Each structure stands twice: as C-alpha cells, then as structure tokens.
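Shown next: data-v5.cif, given as mmCIF, C-alpha atoms.
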data_structure
#
loop_
_atom_site.group_PDB
_atom_site.id
_atom_site.type_symbol
_atom_site.label_atom_id
_atom_site.label_comp_id
_atom_site.auth_asym_id
_atom_site.auth_seq_id
_atom_site.Cartn_x
_atom_site.Cartn_y
_atom_site.Cartn_z
ATOM 1 C CA MET A 95 0.000 0.000 0.000
ATOM 2 C CA VAL A 96 1.381 3.392 -1.022
ATOM 3 C CA LYS A 97 1.895 5.757 1.905
ATOM 4 C CA ARG A 98 1.595 9.522 1.792
ATOM 5 C CA TYR A 99 5.300 10.310 1.270
ATOM 6 C CA ASP A 100 6.291 7.217 -0.737
ATOM 7 C CA ARG A 101 6.121 8.984 -4.095
ATOM 8 C CA LEU A 102 8.275 11.804 -2.810
ATOM 9 C CA GLN A 103 10.908 9.216 -1.933
ATOM 10 C CA GLN A 104 10.466 7.677 -5.393
ATOM 11 C CA ILE A 105 11.002 11.088 -6.993
ATOM 12 C CA ARG A 106 14.163 11.651 -4.974
ATOM 13 C CA ARG A 107 15.600 8.381 -6.298
ATOM 14 C CA LEU A 108 15.173 9.522 -9.894
ATOM 15 C CA ASP A 109 17.531 11.729 -11.922
ATOM 16 C CA PRO A 110 15.788 15.087 -12.546
ATOM 17 C CA GLU A 111 17.791 15.711 -15.722
ATOM 18 C CA GLN A 112 17.184 12.278 -17.269
ATOM 19 C CA ASP A 113 13.846 11.315 -15.710
ATOM 20 C CA PHE A 114 12.227 14.760 -15.824
ATOM 21 C CA LEU A 115 9.113 13.577 -17.674
ATOM 22 C CA ARG A 116 8.480 10.780 -15.162
ATOM 23 C CA ILE A 117 8.999 13.153 -12.237
ATOM 24 C CA TYR A 118 6.795 15.850 -13.769
ATOM 25 C CA ARG A 119 4.081 13.261 -14.384
ATOM 26 C CA LEU A 120 4.233 12.076 -10.768
ATOM 27 C CA MET A 121 4.040 15.675 -9.538
ATOM 28 C CA SER A 122 1.184 16.805 -11.735
ATOM 29 C CA THR A 123 -0.984 13.676 -11.931
ATOM 30 C CA HIS A 124 -0.398 11.953 -8.584
ATOM 31 C CA GLU A 125 0.880 14.391 -5.988
ATOM 32 C CA PHE A 126 -0.784 17.700 -6.956
ATOM 33 C CA PRO A 127 -3.283 17.311 -9.838
ATOM 34 C CA TRP A 128 -5.799 19.846 -8.481
ATOM 35 C CA ASP A 129 -3.088 22.312 -7.546
ATOM 36 C CA PHE A 130 -1.401 22.042 -10.926
ATOM 37 C CA THR A 131 -4.705 22.734 -12.676
ATOM 38 C CA ARG A 132 -5.310 25.860 -10.612
ATOM 39 C CA ALA A 133 -1.688 27.003 -10.867
ATOM 40 C CA LEU A 134 -1.523 26.610 -14.649
ATOM 41 C CA GLU A 135 -4.813 28.510 -14.970
ATOM 42 C CA LEU A 136 -3.215 31.325 -12.990
ATOM 43 C CA ALA A 137 -0.007 31.035 -15.021
ATOM 44 C CA LEU A 138 -1.839 31.646 -18.297
ATOM 45 C CA TYR A 139 -3.950 34.379 -16.714
ATOM 46 C CA ARG A 140 -0.803 36.226 -15.614
ATOM 47 C CA THR A 141 0.329 36.527 -19.204
ATOM 48 C CA TYR A 142 -2.642 38.775 -20.069
ATOM 49 C CA ALA A 143 -1.071 41.536 -17.971
ATOM 50 C CA VAL A 144 1.724 41.883 -20.539
ATOM 51 C CA PRO A 145 0.002 44.264 -23.006
ATOM 52 C CA SER A 146 1.515 42.700 -26.138
ATOM 53 C CA ILE A 147 0.075 39.321 -25.074
ATOM 54 C CA GLY A 148 -3.257 40.515 -23.718
ATOM 55 C CA ARG A 149 -3.855 42.732 -26.745
ATOM 56 C CA LEU A 150 -3.187 39.893 -29.192
ATOM 57 C CA LEU A 151 -5.529 37.560 -27.302
ATOM 58 C CA ALA A 152 -8.223 40.230 -27.455
ATOM 59 C CA GLU A 153 -7.703 40.643 -31.212
ATOM 60 C CA THR A 154 -8.082 36.911 -31.863
ATOM 61 C CA ALA A 155 -11.372 37.017 -29.875
ATOM 62 C CA GLU A 156 -10.878 33.385 -28.879
ATOM 63 C CA LEU A 157 -10.965 34.090 -25.141
ATOM 64 C CA THR A 158 -13.745 36.651 -25.337
ATOM 65 C CA ASP A 159 -16.044 34.877 -27.824
ATOM 66 C CA ARG A 160 -15.229 31.201 -27.153
ATOM 67 C CA PRO A 161 -13.569 31.087 -23.722
ATOM 68 C CA GLN A 162 -14.617 27.528 -22.857
ATOM 69 C CA LYS A 163 -13.232 26.119 -26.111
ATOM 70 C CA ARG A 164 -9.989 28.055 -25.722
ATOM 71 C CA TYR A 165 -9.653 26.804 -22.137
ATOM 72 C CA ASP A 166 -10.381 23.202 -23.132
ATOM 73 C CA ASP A 167 -8.046 23.157 -26.110
ATOM 74 C CA THR A 168 -5.129 24.723 -24.231
ATOM 75 C CA ALA A 169 -5.470 22.322 -21.322
ATOM 76 C CA LEU A 170 -5.845 19.275 -23.566
ATOM 77 C CA LEU A 171 -2.889 20.088 -25.808
ATOM 78 C CA LEU A 172 -0.552 20.675 -22.873
ATOM 79 C CA ASP A 173 -1.945 17.607 -21.102
ATOM 80 C CA THR A 174 -1.303 15.397 -24.132
ATOM 81 C CA VAL A 175 2.434 16.036 -23.940
ATOM 82 C CA VAL A 176 2.480 15.287 -20.199
ATOM 83 C CA GLU A 177 0.566 12.038 -20.640
ATOM 84 C CA HIS A 178 2.240 10.675 -23.758
ATOM 85 C CA GLY A 179 5.646 12.357 -23.859
ATOM 86 C CA PHE A 180 7.506 14.320 -26.507
ATOM 87 C CA THR A 181 8.454 11.403 -28.749
ATOM 88 C CA SER A 182 5.027 9.771 -28.983
ATOM 89 C CA ALA A 183 2.743 10.312 -31.985
ATOM 90 C CA GLU A 184 0.245 12.044 -29.697
ATOM 91 C CA GLY A 185 2.852 14.316 -28.167
ATOM 92 C CA ARG A 186 4.304 15.272 -31.544
ATOM 93 C CA THR A 187 0.830 16.084 -32.880
ATOM 94 C CA ALA A 188 0.069 18.290 -29.871
ATOM 95 C CA VAL A 189 3.353 20.200 -30.261
ATOM 96 C CA GLN A 190 2.714 20.643 -33.985
ATOM 97 C CA ARG A 191 -0.733 22.081 -33.279
ATOM 98 C CA ILE A 192 0.669 24.532 -30.725
ATOM 99 C CA ASN A 193 3.405 25.598 -33.133
ATOM 100 C CA ARG A 194 1.059 26.099 -36.064
ATOM 101 C CA MET A 195 -1.247 28.295 -34.008
ATOM 102 C CA HIS A 196 1.539 30.425 -32.556
ATOM 103 C CA ARG A 197 3.313 30.852 -35.873
ATOM 104 C CA SER A 198 0.197 32.401 -37.387
ATOM 105 C CA TYR A 199 0.877 35.490 -35.283
ATOM 106 C CA ASP A 200 3.785 37.857 -34.787
ATOM 107 C CA ILE A 201 4.659 36.748 -31.241
ATOM 108 C CA SER A 202 8.070 37.782 -29.955
ATOM 109 C CA ASN A 203 10.539 35.274 -28.599
ATOM 110 C CA ASP A 204 10.593 37.264 -25.347
ATOM 111 C CA ASP A 205 6.834 36.870 -24.891
ATOM 112 C CA MET A 206 6.984 33.157 -25.706
ATOM 113 C CA ARG A 207 9.783 32.659 -23.208
ATOM 114 C CA TYR A 208 7.879 34.567 -20.550
ATOM 115 C CA VAL A 209 4.784 32.374 -21.009
ATOM 116 C CA LEU A 210 6.997 29.314 -20.586
ATOM 117 C CA CYS A 211 8.413 30.816 -17.377
ATOM 118 C CA THR A 212 4.928 31.134 -15.909
ATOM 119 C CA PHE A 213 4.440 27.367 -16.344
ATOM 120 C CA VAL A 214 7.550 26.694 -14.265
ATOM 121 C CA VAL A 215 7.315 29.353 -11.570
ATOM 122 C CA THR A 216 3.591 29.716 -10.856
ATOM 123 C CA PRO A 217 3.002 26.060 -9.851
ATOM 124 C CA LYS A 218 5.941 26.188 -7.446
ATOM 125 C CA ARG A 219 4.684 29.358 -5.796
ATOM 126 C CA TRP A 220 1.099 28.093 -5.658
ATOM 127 C CA ILE A 221 2.048 24.732 -4.155
ATOM 128 C CA ASP A 222 4.407 26.302 -1.634
ATOM 129 C CA ALA A 223 1.521 28.507 -0.492
ATOM 130 C CA TYR A 224 -1.410 26.084 -0.693
ATOM 131 C CA GLY A 225 -0.216 22.530 -1.383
ATOM 132 C CA TRP A 226 -0.114 19.671 1.086
ATOM 133 C CA ARG A 227 3.693 19.832 1.003
ATOM 134 C CA ARG A 228 6.304 22.020 -0.680
ATOM 135 C CA LEU A 229 8.081 20.980 -3.849
ATOM 136 C CA CYS A 230 11.523 19.440 -3.382
ATOM 137 C CA ASP A 231 14.673 20.355 -5.298
ATOM 138 C CA HIS A 232 14.359 17.286 -7.556
ATOM 139 C CA GLU A 233 10.889 18.422 -8.591
ATOM 140 C CA LEU A 234 12.051 21.967 -9.345
ATOM 141 C CA ARG A 235 14.956 20.687 -11.432
ATOM 142 C CA ALA A 236 12.675 18.265 -13.293
ATOM 143 C CA SER A 237 10.127 21.010 -13.966
ATOM 144 C CA ALA A 238 12.844 23.252 -15.402
ATOM 145 C CA ALA A 239 14.115 20.393 -17.590
ATOM 146 C CA TYR A 240 10.586 19.540 -18.773
ATOM 147 C CA TYR A 241 9.836 23.088 -19.870
ATOM 148 C CA ARG A 242 13.296 23.577 -21.381
ATOM 149 C CA THR A 243 12.450 20.589 -23.554
ATOM 150 C CA LEU A 244 8.989 21.899 -24.391
ATOM 151 C CA GLY A 245 10.457 25.318 -25.155
ATOM 152 C CA ALA A 246 12.990 23.779 -27.525
ATOM 153 C CA HIS A 247 10.197 21.921 -29.340
ATOM 154 C CA LEU A 248 8.338 25.231 -29.664
ATOM 155 C CA GLY A 249 11.373 26.941 -31.155
ATOM 156 C CA ILE A 250 11.890 29.335 -28.256
ATOM 157 C CA MET A 251 15.417 30.711 -28.091
ATOM 158 C CA GLU A 252 17.649 31.667 -25.153
ATOM 159 C CA LEU A 253 15.819 29.392 -22.733
ATOM 160 C CA PRO A 254 16.489 29.589 -18.995
ATOM 161 C CA THR A 255 18.382 26.615 -17.624
ATOM 162 C CA THR A 256 17.560 26.239 -13.927
ATOM 163 C CA TYR A 257 14.437 26.926 -11.908
ATOM 164 C CA GLU A 258 16.162 29.999 -10.504
ATOM 165 C CA ASP A 259 16.816 31.219 -14.050
ATOM 166 C CA PHE A 260 13.137 30.791 -14.946
ATOM 167 C CA GLU A 261 12.143 32.674 -11.798
ATOM 168 C CA ARG A 262 14.507 35.593 -12.456
ATOM 169 C CA CYS A 263 13.301 35.797 -16.048
ATOM 170 C CA LEU A 264 9.656 35.895 -14.961
ATOM 171 C CA ASP A 265 10.124 38.466 -12.214
ATOM 172 C CA SER A 266 12.185 40.846 -14.343
ATOM 173 C CA TYR A 267 9.807 40.556 -17.314
ATOM 174 C CA GLU A 268 6.763 41.290 -15.194
ATOM 175 C CA ALA A 269 8.467 44.246 -13.520
ATOM 176 C CA GLU A 270 9.318 45.704 -16.933
ATOM 177 C CA ARG A 271 6.237 44.782 -18.974
ATOM 178 C CA PHE A 272 3.119 44.553 -16.797
ATOM 179 C CA GLY A 273 0.745 47.376 -17.676
ATOM 180 C CA TRP A 274 -2.743 48.458 -18.662
ATOM 181 C CA ASP A 275 -4.382 47.499 -21.954
ATOM 182 C CA GLU A 276 -8.098 47.751 -22.652
ATOM 183 C CA GLY A 277 -8.174 44.562 -24.696
ATOM 184 C CA ALA A 278 -6.283 42.646 -22.037
ATOM 185 C CA ARG A 279 -8.839 43.757 -19.454
ATOM 186 C CA LYS A 280 -11.630 42.340 -21.647
ATOM 187 C CA VAL A 281 -9.761 39.030 -21.863
ATOM 188 C CA SER A 282 -9.287 39.043 -18.091
ATOM 189 C CA ASP A 283 -12.992 39.713 -17.479
ATOM 190 C CA ALA A 284 -13.996 36.938 -19.893
ATOM 191 C CA THR A 285 -11.659 34.474 -18.170
ATOM 192 C CA LEU A 286 -12.961 35.337 -14.710
ATOM 193 C CA ASP A 287 -16.541 35.021 -15.989
ATOM 194 C CA LEU A 288 -15.775 31.595 -17.451
ATOM 195 C CA MET A 289 -14.174 30.242 -14.297
ATOM 196 C CA SER A 290 -16.955 31.662 -12.131
ATOM 197 C CA SER A 291 -19.603 30.050 -14.360
ATOM 198 C CA TRP A 292 -18.366 26.596 -13.358
ATOM 199 C CA TYR A 293 -19.820 27.159 -9.879
ATOM 200 C CA GLY A 294 -23.410 27.889 -10.899
ATOM 201 C CA PRO A 295 -25.271 30.004 -8.318
ATOM 202 C CA LEU A 296 -22.001 30.517 -6.430
ATOM 203 C CA ALA A 297 -20.481 32.320 -9.428
ATOM 204 C CA PRO A 298 -20.341 35.775 -7.749
ATOM 205 C CA LEU A 299 -18.610 34.258 -4.729
ATOM 206 C CA ALA A 300 -16.164 32.373 -6.975
ATOM 207 C CA ARG A 301 -15.303 35.548 -8.882
ATOM 208 C CA GLY A 302 -14.672 37.416 -5.647
ATOM 209 C CA ALA A 303 -12.469 34.612 -4.379
ATOM 210 C CA SER A 304 -10.506 34.615 -7.650
ATOM 211 C CA LEU A 305 -9.840 38.341 -7.365
ATOM 212 C CA ALA A 306 -8.798 37.849 -3.731
ATOM 213 C CA LEU A 307 -6.093 35.428 -4.878
ATOM 214 C CA LEU A 308 -4.513 37.856 -7.348
ATOM 215 C CA ASP A 309 -1.375 39.681 -6.301
ATOM 216 C CA ASP A 310 -1.219 43.469 -6.358
ATOM 217 C CA SER A 311 0.794 43.611 -9.604
ATOM 218 C CA LEU A 312 -2.028 41.876 -11.491
ATOM 219 C CA LEU A 313 -4.731 43.988 -9.850
ATOM 220 C CA ARG A 314 -2.887 47.163 -10.851
ATOM 221 C CA ALA A 315 -2.315 45.991 -14.429
ATOM 222 C CA PHE A 316 -6.024 45.232 -14.933
ATOM 223 C CA ARG A 317 -7.195 48.161 -12.774
ATOM 224 C CA TYR A 318 -9.262 46.021 -10.457
ATOM 225 C CA GLU A 319 -10.165 47.356 -7.063
ATOM 226 C CA ARG A 320 -7.980 45.834 -4.370
ATOM 227 C CA PRO A 321 -9.987 43.218 -2.398
ATOM 228 C CA ARG A 322 -10.539 43.822 1.273
ATOM 229 C CA PRO A 323 -8.019 42.178 3.598
ATOM 230 C CA ALA A 324 -10.771 39.999 5.087
ATOM 231 C CA ALA A 325 -11.700 38.622 1.652
ATOM 232 C CA ARG A 326 -8.081 37.786 0.939
ATOM 233 C CA ALA A 327 -7.649 36.147 4.329
ATOM 234 C CA VAL A 328 -10.739 33.960 3.834
ATOM 235 C CA ALA A 329 -9.871 32.877 0.260
ATOM 236 C CA ARG A 330 -6.238 32.121 0.988
ATOM 237 C CA GLY A 331 -6.987 30.563 4.364
ATOM 238 C CA ALA A 332 -9.504 28.197 2.761
ATOM 239 C CA LEU A 333 -6.868 27.004 0.290
ATOM 240 C CA ARG A 334 -4.323 26.452 3.046
ATOM 241 C CA LEU A 335 -6.887 24.436 5.009
ATOM 242 C CA ARG A 336 -7.562 22.336 1.931
ATOM 243 C CA GLY A 337 -3.847 21.592 1.635
ATOM 244 C CA ARG A 338 -3.687 20.432 5.245
ATOM 245 C CA ALA A 339 -6.727 18.231 4.719
ATOM 246 C CA VAL A 340 -5.233 16.624 1.601
ATOM 247 C CA ARG A 341 -2.096 15.792 3.588
ATOM 248 C CA LEU A 342 -4.232 13.579 5.823
ATOM 249 C CA LEU A 343 -5.867 11.715 2.937
ATOM 250 C CA PRO A 344 -4.490 8.513 1.383
ATOM 251 C CA PRO A 345 -2.281 9.205 -1.655
ATOM 252 C CA ARG A 346 -3.814 9.007 -5.103
ATOM 253 C CA ARG A 347 -3.527 5.488 -6.506
ATOM 254 C CA ALA A 348 -4.141 6.317 -10.193
ATOM 255 C CA PRO A 349 -2.957 9.318 -12.198
ATOM 256 C CA HIS A 350 -5.397 12.136 -12.797
ATOM 257 C CA TYR A 351 -4.845 13.985 -16.077
ATOM 258 C CA ALA A 352 -6.233 17.385 -17.034
ATOM 259 C CA ARG A 353 -8.510 15.725 -19.610
ATOM 260 C CA GLN A 354 -10.388 14.207 -16.645
ATOM 261 C CA ASN A 355 -11.138 17.563 -15.036
ATOM 262 C CA ARG A 356 -14.779 18.552 -14.758
ATOM 263 C CA GLU A 357 -13.872 22.006 -16.099
ATOM 264 C CA ILE A 358 -13.245 20.467 -19.542
ATOM 265 C CA LYS A 359 -16.762 20.691 -20.998
ATOM 266 C CA GLY A 360 -16.468 20.986 -24.764
ATOM 267 C CA TYR A 361 -15.790 17.374 -25.759
ATOM 268 C CA PRO A 362 -18.297 15.022 -24.098
ATOM 269 C CA ASN A 363 -17.831 12.489 -26.914
ATOM 270 C CA GLY A 364 -14.048 12.669 -27.049
ATOM 271 C CA TYR A 365 -11.682 14.641 -29.272
ATOM 272 C CA GLU A 366 -8.941 14.348 -31.857
ATOM 273 C CA ILE A 367 -5.657 15.980 -30.919
ATOM 274 C CA ALA A 368 -5.085 17.194 -34.482
ATOM 275 C CA ALA A 369 -8.451 19.019 -34.424
ATOM 276 C CA LEU A 370 -7.804 20.940 -31.199
ATOM 277 C CA GLY A 371 -7.109 24.643 -31.158
ATOM 278 C CA THR A 372 -7.648 27.259 -33.837
ATOM 279 C CA PHE A 373 -6.902 27.276 -37.544
ATOM 280 C CA PRO A 374 -6.258 30.954 -38.314
ATOM 281 C CA VAL A 375 -6.872 32.205 -41.855
ATOM 282 C CA PRO A 376 -5.090 35.369 -43.021
ATOM 283 C CA GLY A 377 -7.490 38.259 -43.481
ATOM 284 C CA VAL A 378 -10.115 36.852 -41.120
ATOM 285 C CA ARG A 379 -10.770 38.598 -37.804
ATOM 286 C CA GLY A 380 -8.143 37.814 -35.230
ATOM 287 C CA CYS A 381 -5.530 36.592 -37.693
ATOM 288 C CA PRO A 382 -2.922 39.142 -38.711
ATOM 289 C CA VAL A 383 -0.650 38.384 -41.639
ATOM 290 C CA PRO A 384 1.442 35.348 -40.652
ATOM 291 C CA HIS A 385 5.029 36.240 -39.870
ATOM 292 C CA THR A 386 7.969 34.345 -41.300
ATOM 293 C CA GLN A 387 10.459 34.844 -38.486
ATOM 294 C CA ARG A 388 9.941 35.230 -34.754
ATOM 295 C CA THR A 389 11.511 38.409 -33.431
ATOM 296 C CA SER A 390 12.936 38.865 -29.942
#
When written as structure tokens, how does the structure in this file appear?
Amino acid sequence: MVKRYDRLQQIRRLDPEQDFLRIYRLMSTHEFPWDFTRALELALYRTYAVPSIGRLLAETAELTDRPQKRYDDTALLLDTVVEHGFTSAEGRTAVQRINRMHRSYDISNDDMRYVLCTFVVTPKRWIDAYGWRRLCDHELRASAAYYRTLGAHLGIMELPTTYEDFERCLDSYEAERFGWDEGARKVSDATLDLMSSWYGPLAPLARGASLALLDDSLLRAFRYERPRPAARAVARGALRLRGRAVRLLPPRRAPHYARQNREIKGYPNGYEIAALGTFPVPGVRGCPVPHTQRTS
C-alpha cells in the first residue's frame, strides 16, 4: 500500500535531468493534480497583464467569444504532452498544433519565453503557499528540464536553464512589462466570468475569491479594485486548510490527467488531438498576416 510520502521518496531516487518527464508526471498527476490545474490557470492568466500578449488575445477574440473552447483546447494540448511524452505520436501532434497556431501570429521570442516561465514558476509558488507539502529540489529541477524541452520543441530561443533562471526571467519581465491594456482587461474579465460560471449560483462568490487570490501587480495591471483584507484572508486561508486536509488523505492510486477535469466541458464524446485549437486564416478577424520569423 502506497503511503503519503512514498512517491516523494520515489522522486528523490530519480535523476531530474534524465527522468524529468516521469517526475513531472508524478508531480502533476499523482501528488498535486488539483493544484497544478489551478496554478496553470493562474499562469496563463498572468500573461494577459503583458500588453503585447493581452492585446493579441483580445484581437483573436478566442478568449472573449469562445472562452470555454480556448480553455479546453489549451489544457488538452498541454496535457497530451504530459501524458504521452515528446516522442510519442500524440505528443508530436500536440506540439505541432501549438506551433502552427503560434506561428500564425507575430509573437516575440521574449513573450513566448515569458509564457513558458509562468508554467515553471507559478506552480511552485502556488504549491508552496497552498499545497499539502512544498516541492523538493528534484521536482524543481525536473520542472525546469521539462519546460526547457517543451520550449525547444516550440522553437523558443535563449531558454532559462535552472528553476532559478526561470524565476529571475519571470520576475524581471513582469516588472518591466506589466501594464494596462483595454483589450487585455476584456480578456481578463472573460476568463474570470468563465471560471466563475463553473460554480453555478455561487459564481459571484467564486469571482470574488478569484480576485482575492490575485497579487497586487495583477490587480494594478487590470485596474481592479484591491480586495478587502478579510476577503483575501478567507480565500487564501480556505486554500491552506484544503492543503492540510489533503495531507491527511491517502495518496492518489491512479494518475489524474487534465482531460479528466470537470472544467473540460467541450468534448463530451471525445476529441482528436489534431483538431484541437484554432486554424487561423489570413485576413479573417483575429488573424494578422502570418510572420515568417519570430523576433525577440
């Protein structure tokens, strides 16, 4: 019978540079599946506060007109690589879909690298604050190696090497680039509305709790009113209590992938990886002229 800390010991016996996919899988599908889902949602949300990213997302209209589909497709494409690996047919198809979508737009290498940094840093910070245990050094090294590999497959240049490098890159980019953009605010509102809608009649409470979890830099960038200290204390305290409760539960026996999340609502009859995402057409709303070379 697997005990609560057995998988942590298993992770520590693995090589984070060679076994990074196995470690990342154990982290995200066994140890912290709920936390990784929430943290990666927040990671993508953070990117809207960079005006060049938020403005482009507003222009494509995917997150304002079809937020559930955009959420589903993003989660499923990223999840496919985690579940099947980079060398599998499924993983290669998912990476190809991501690349074809991104290369339809003039996205800078700096913005692409920043988005990648959010995937590494935000889960660590979320789990340290709200998880049932903190991430160990092996897990941080494996996460950095996993996203270095993903970044290379996506053609991102000048990738950070260590977790600390990813963290420095994220913090400096946000300090320099976070700012107001009207389109980004619309994308933020649409995302908050989508996530709140999952809770039915509790949607207003869920939206308030989401705002209470945002740090001041995000609130300033989107020009949201700063939540009251009591609201922040309740929202964050509830998450910390959840983490303590999970620590007392038996460990998960089977992996839980993002495709199994109840928030994925658009494909009740299944999906084809090659059909996920968007297929931009030049000249149609939301698709600027495709660029031929990514600039930094």
*Taking the file above as input, evaluate the PyMOL selection byres ((chain A and resi 262-268) around 12) and report the hits as number ranges by chain.*
A: 137, 140-145, 204-216, 252-261, 269-273, 311-312, 315
Contacts between segment 183-194 of chain A and segment 301-383 of chain A, please, where a residue of segment 301-383 of chain A counts if it comes within 10 Å (with only C-alpha atoms); show its shortest atom pair and distance in Å to one decimal, rows by chain and ascending number, as CSV.
residue,atom,partner,partner_atom,distance
A:Glu366,CA,A:Glu184,CA,9.7
A:Ile367,CA,A:Ala188,CA,6.3
A:Ala368,CA,A:Thr187,CA,6.2
A:Ala369,CA,A:Arg191,CA,8.4
A:Leu370,CA,A:Arg191,CA,7.5
A:Gly371,CA,A:Arg191,CA,7.2
A:Thr372,CA,A:Arg191,CA,8.7
A:Phe373,CA,A:Arg194,CA,8.2
A:Pro374,CA,A:Arg194,CA,9.1
_Two-atom distance - atom CA of Leu229 of chain A, atom CA of Arg119 of chain A (Å)_ = 13.7 Å
*Residues near segment 347-358 of chain A, cut-off 6 Å, only C-alpha atoms, skip fewer than 6 positions along chain, as a PyMOL selection string*: chain A and resi 123-124+166+170+173
*Please provide the set of residues having any atom within 12 Å of Leu108 of chain A, restricted to all atoms listed in the file, with same-chain residues fewer than 2 positions apart removed, written as a ChimeraX atom specification.*
/A:101-106,110-118,120,231-233,235-236
*Between atom CA of Ala339 of chain A and atom CA of Glu135 of chain A, distance in Å (one decimal)*: 22.3 Å
*asked:* Between atom CA of Met289 of chain A and atom CA of Ala329 of chain A, what is the distance in Å, rounded to a tenth?
replied: 15.4 Å
Give me the box for segment 296-305 of chain A as lines of an AutoDock Vina configuration file, namely the centre and edge lengths in Å to one decimal of a box along x, y and z that holds every listed atom plus 3 Å on each side.
center_x = -15.9
center_y = 34.4
center_z = -6.9
size_x = 18.2
size_y = 13.8
size_z = 11.0
*For Pro345 of chain A: contacts at 9 Å, only C-alpha atoms, fewer than 3 positions along chain excluded, given as number ranges by chain*: A: 96-101, 124-125, 340-342
*Using only C-alpha atoms, which residue out of A:Ile221, A:Ile147, A:Val175, A:Ala306 lies closest to Trp128 of chain A?*
A:Ile221
*asked:* So, with all atoms listed in the file as the atoms that count, which of A:Lys280, A:Lys359, A:Thr174, A:Leu307 lies closest to Arg320 of chain A?
replied: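 Of the candidates, the smallest distance to Arg320 of chain A is held by A:Leu307.
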*So which one's closest to Arg227 of chain A, A:Arg149, A:Gly364, A:Met251, A:Arg338? Using all atoms listed in the file, please.*
A:Arg338
Could I get the residues of segment 252-370 of chain A with an atom no further than 7 Å from an atom of segment 158-163 of chain A, each paired with its nearest atom pair and that distance in Å to one decimal, using all atoms listed in the file, sorted by chain and residue number, as a tab-separated table?
residue	atom	partner	partner_atom	distance
A:Val281	CA	A:Thr158	CA	5.8
A:Ala284	CA	A:Thr158	CA	5.5
A:Thr285	CA	A:Pro161	CA	6.8
A:Leu288	CA	A:Pro161	CA	6.7
A:Gly360	CA	A:Lys163	CA	6.2
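Distances to Leu248 of chain A were evaluated for A:Arg219, A:Asp109, A:Phe180, A:Tyr165 using all atoms listed in the file, and the minimum falls at A:Phe180.
With distances taken over all atoms listed in the file, A:Thr131 is the one residue among A:Leu157, A:Thr131, A:Leu136, A:Lys218 lying closest to Ala169 of chain A.
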_With distances taken over all atoms listed in the file, which residue among A:Arg197, A:Ala297, A:Ser182, A:Tyr224 lies nearest Ala133 of chain A?_
A:Tyr224
